[in-house]
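Chemist: One structure, as structure tokens, below. Some questions next.
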Amino acid sequence: MAINAENRQAEIADELSEVARTLAHSTRSVPHPAESYGLLGDLQAAQDALVQVYEQLATWHGAVVDGTHYNGEDGRGLEGVPAAGPDGHIAGLLKMAAASAAEAAALVSRAHSANGVVRWFDDAKNEEEV
């Protein structure tokens with residue numbers, strides 16, 4: 001069960017990044033093919049959670065107030081936070097990220113469903129065994 005950890009957001013994002021990198025390196029092969037079904041289900045759930053994170057961060061960025069949450073922009077000529085409110089640059093980018101992540105979650109869900117009809121071996125066979 002998830003708990004509210006508002007004071008640990010940056011730490012949790014760092015942990016997520018580290019675990020995702022570890023998973024990325026470990027999925028070059030799947031020695032236990034039957035585990036691929038659960039793996040896809042967990043990835044879809046994680047992707048759904050990331051959609052929520054992006055949407056919430058977009059909403060937050062759209063509501064920040066100059067002088068309360070930030071002190072203007074640094075003058076480098078980049079389009080920054082919020083001056084435009086809910087349609088500000090960062091909020092807009094995060095809305096697009098949420099939409100892309102939702103599309104990815106839907107695709108992983110379809111892959112998860114398709115994976116469910118395959119009769120996977122518990123352990124992959126060696127080439128000699130085939």
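Residues are named by chain letter and number: chains run A, B, ... in the order of the structure tokens, numbers start at 1 in each chain, and ligands are numbered from 1 in the order shown.
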What's the 12 Å shell around segment 86-99 of chain A, counting only C-alpha atoms, without same-chain residues fewer than 3 positions away, as a PDB file with N, CA and C atoms, in the first residue's frame?

Modeler:
```pdb
ATOM      1  N   GLN A  47       3.690   2.347 -14.973  1.00  0.00           N
ATOM      2  CA  GLN A  47       3.454   3.367 -15.989  1.00  0.00           C
ATOM      3  C   GLN A  47       2.193   4.162 -15.663  1.00  0.00           C
ATOM      4  N   ASP A  48       1.154   3.478 -15.201  1.00  0.00           N
ATOM      5  CA  ASP A  48      -0.068   4.182 -14.797  1.00  0.00           C
ATOM      6  C   ASP A  48       0.219   5.172 -13.661  1.00  0.00           C
ATOM      7  N   ALA A  49       1.058   4.760 -12.713  1.00  0.00           N
ATOM      8  CA  ALA A  49       1.416   5.656 -11.612  1.00  0.00           C
ATOM      9  C   ALA A  49       2.197   6.863 -12.125  1.00  0.00           C
ATOM     10  N   LEU A  50       3.080   6.644 -13.099  1.00  0.00           N
ATOM     11  CA  LEU A  50       3.832   7.764 -13.671  1.00  0.00           C
ATOM     12  C   LEU A  50       2.907   8.734 -14.401  1.00  0.00           C
ATOM     13  N   VAL A  51       1.879   8.214 -15.062  1.00  0.00           N
ATOM     14  CA  VAL A  51       0.887   9.104 -15.689  1.00  0.00           C
ATOM     15  C   VAL A  51       0.319  10.036 -14.632  1.00  0.00           C
ATOM     16  N   GLN A  52      -0.053   9.471 -13.489  1.00  0.00           N
ATOM     17  CA  GLN A  52      -0.617  10.279 -12.411  1.00  0.00           C
ATOM     18  C   GLN A  52       0.388  11.314 -11.912  1.00  0.00           C
ATOM     19  N   VAL A  53       1.638  10.912 -11.765  1.00  0.00           N
ATOM     20  CA  VAL A  53       2.677  11.842 -11.312  1.00  0.00           C
ATOM     21  C   VAL A  53       2.797  13.015 -12.286  1.00  0.00           C
ATOM     22  N   TYR A  54       2.888  12.722 -13.576  1.00  0.00           N
ATOM     23  CA  TYR A  54       3.034  13.780 -14.576  1.00  0.00           C
ATOM     24  C   TYR A  54       1.829  14.712 -14.576  1.00  0.00           C
ATOM     25  N   GLU A  55       0.634  14.137 -14.472  1.00  0.00           N
ATOM     26  CA  GLU A  55      -0.575  14.962 -14.449  1.00  0.00           C
ATOM     27  C   GLU A  55      -0.587  15.870 -13.224  1.00  0.00           C
ATOM     28  N   GLN A  56      -0.225  15.313 -12.078  1.00  0.00           N
ATOM     29  CA  GLN A  56      -0.218  16.103 -10.843  1.00  0.00           C
ATOM     30  C   GLN A  56       0.852  17.190 -10.878  1.00  0.00           C
ATOM     31  N   LEU A  57       2.018  16.862 -11.423  1.00  0.00           N
ATOM     32  CA  LEU A  57       3.071  17.881 -11.538  1.00  0.00           C
ATOM     33  C   LEU A  57       2.668  18.965 -12.533  1.00  0.00           C
ATOM     34  N   ALA A  58       1.972  18.593 -13.603  1.00  0.00           N
ATOM     35  CA  ALA A  58       1.479  19.594 -14.566  1.00  0.00           C
ATOM     36  C   ALA A  58       0.495  20.533 -13.875  1.00  0.00           C
ATOM     37  N   THR A  59      -0.410  19.965 -13.100  1.00  0.00           N
ATOM     38  CA  THR A  59      -1.381  20.788 -12.373  1.00  0.00           C
ATOM     39  C   THR A  59      -0.677  21.696 -11.383  1.00  0.00           C
ATOM     40  N   TRP A  60       0.294  21.165 -10.652  1.00  0.00           N
ATOM     41  CA  TRP A  60       1.032  21.969  -9.675  1.00  0.00           C
ATOM     42  C   TRP A  60       1.778  23.091 -10.378  1.00  0.00           C
ATOM     43  N   HIS A  61       2.496  22.771 -11.465  1.00  0.00           N
ATOM     44  CA  HIS A  61       3.238  23.815 -12.179  1.00  0.00           C
ATOM     45  C   HIS A  61       2.301  24.886 -12.734  1.00  0.00           C
ATOM     46  N   GLY A  62       1.095  24.482 -13.098  1.00  0.00           N
ATOM     47  CA  GLY A  62       0.127  25.447 -13.612  1.00  0.00           C
ATOM     48  C   GLY A  62      -0.435  26.367 -12.554  1.00  0.00           C
ATOM     49  N   ALA A  63      -0.238  26.028 -11.287  1.00  0.00           N
ATOM     50  CA  ALA A  63      -0.810  26.829 -10.203  1.00  0.00           C
ATOM     51  C   ALA A  63       0.233  27.587  -9.383  1.00  0.00           C
ATOM     52  N   VAL A  64       1.520  27.437  -9.722  1.00  0.00           N
ATOM     53  CA  VAL A  64       2.527  28.124  -8.925  1.00  0.00           C
ATOM     54  C   VAL A  64       2.446  29.633  -9.127  1.00  0.00           C
ATOM     55  N   VAL A  65       2.892  30.352  -8.118  1.00  0.00           N
ATOM     56  CA  VAL A  65       2.767  31.814  -8.110  1.00  0.00           C
ATOM     57  C   VAL A  65       4.149  32.439  -7.957  1.00  0.00           C
ATOM     58  N   LEU A  78      15.245  31.175 -21.930  1.00  0.00           N
ATOM     59  CA  LEU A  78      14.495  29.937 -22.059  1.00  0.00           C
ATOM     60  C   LEU A  78      13.079  30.165 -21.559  1.00  0.00           C
ATOM     61  N   GLU A  79      12.152  29.475 -22.178  1.00  0.00           N
ATOM     62  CA  GLU A  79      10.773  29.585 -21.716  1.00  0.00           C
ATOM     63  C   GLU A  79      10.665  28.732 -20.463  1.00  0.00           C
ATOM     64  N   GLY A  80      10.366  29.345 -19.349  1.00  0.00           N
ATOM     65  CA  GLY A  80      10.418  28.648 -18.078  1.00  0.00           C
ATOM     66  C   GLY A  80       9.076  28.329 -17.513  1.00  0.00           C
ATOM     67  N   VAL A  81       8.976  28.438 -16.252  1.00  0.00           N
ATOM     68  CA  VAL A  81       7.848  27.940 -15.501  1.00  0.00           C
ATOM     69  C   VAL A  81       6.578  28.581 -15.954  1.00  0.00           C
ATOM     70  N   PRO A  82       6.068  29.324 -15.277  1.00  0.00           N
ATOM     71  CA  PRO A  82       4.670  29.486 -15.203  1.00  0.00           C
ATOM     72  C   PRO A  82       4.068  30.782 -15.590  1.00  0.00           C
ATOM     73  N   ALA A  83       4.788  31.760 -15.810  1.00  0.00           N
ATOM     74  CA  ALA A  83       4.152  33.054 -15.967  1.00  0.00           C
ATOM     75  C   ALA A  83       2.789  32.966 -16.631  1.00  0.00           C
ATOM     76  N   ALA A 102       0.430   7.666 -20.835  1.00  0.00           N
ATOM     77  CA  ALA A 102      -0.852   6.943 -20.852  1.00  0.00           C
ATOM     78  C   ALA A 102      -0.926   6.041 -22.085  1.00  0.00           C
ATOM     79  N   GLU A 103      -0.441   6.551 -23.208  1.00  0.00           N
ATOM     80  CA  GLU A 103      -0.422   5.735 -24.419  1.00  0.00           C
ATOM     81  C   GLU A 103       0.516   4.536 -24.234  1.00  0.00           C
ATOM     82  N   ALA A 104       1.669   4.762 -23.630  1.00  0.00           N
ATOM     83  CA  ALA A 104       2.612   3.670 -23.362  1.00  0.00           C
ATOM     84  C   ALA A 104       1.987   2.652 -22.415  1.00  0.00           C
ATOM     85  N   ALA A 105       1.286   3.115 -21.386  1.00  0.00           N
ATOM     86  CA  ALA A 105       0.634   2.202 -20.447  1.00  0.00           C
ATOM     87  C   ALA A 105      -0.406   1.342 -21.160  1.00  0.00           C
ATOM     88  N   ALA A 106      -1.151   1.935 -22.070  1.00  0.00           N
ATOM     89  CA  ALA A 106      -2.156   1.185 -22.824  1.00  0.00           C
ATOM     90  C   ALA A 106      -1.494   0.125 -23.702  1.00  0.00           C
TER      91      ALA A 106
END
```

Chemist: Find, counting only C-alpha atoms, the residue in A:Gly41, A:Gly75, A:Gly67, A:Pro33 that gets nearest to Leu107 of chain A.

Modeler: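 Distance minimum relative to Leu107 of chain A lands on A:Gly41.
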
Chemist: Looking at only C-alpha atoms, which of A:His69, A:Arg119, A:Arg110, A:Lys125 is the one that sits closest to Leu40 of chain A?

Modeler: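 Of A:His69, A:Arg119, A:Arg110, A:Lys125, the one nearest Leu40 of chain A, counting only C-alpha atoms, is A:Arg110.
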
Chemist: Among chain A, which residues carry a DSSP assignment of helix (DSSP H, G or I), reported as a ChimeraX atom specification?

Modeler: /A:6-26,35-63,85-87,89-115,127-129

Chemist: In Å, how far is it from atom CA of Thr27 of chain A to atom CA of Ile3 of chain A?

Modeler: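 According to the coordinates, atom CA of Thr27 of chain A and atom CA of Ile3 of chain A are separated by 28.4 Å.
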
Chemist: With distances taken over only C-alpha atoms, which of A:Ala124, A:Ala5, A:Leu43, A:Ala114 is nearest to Val30 of chain A?

Modeler: A:Ala124
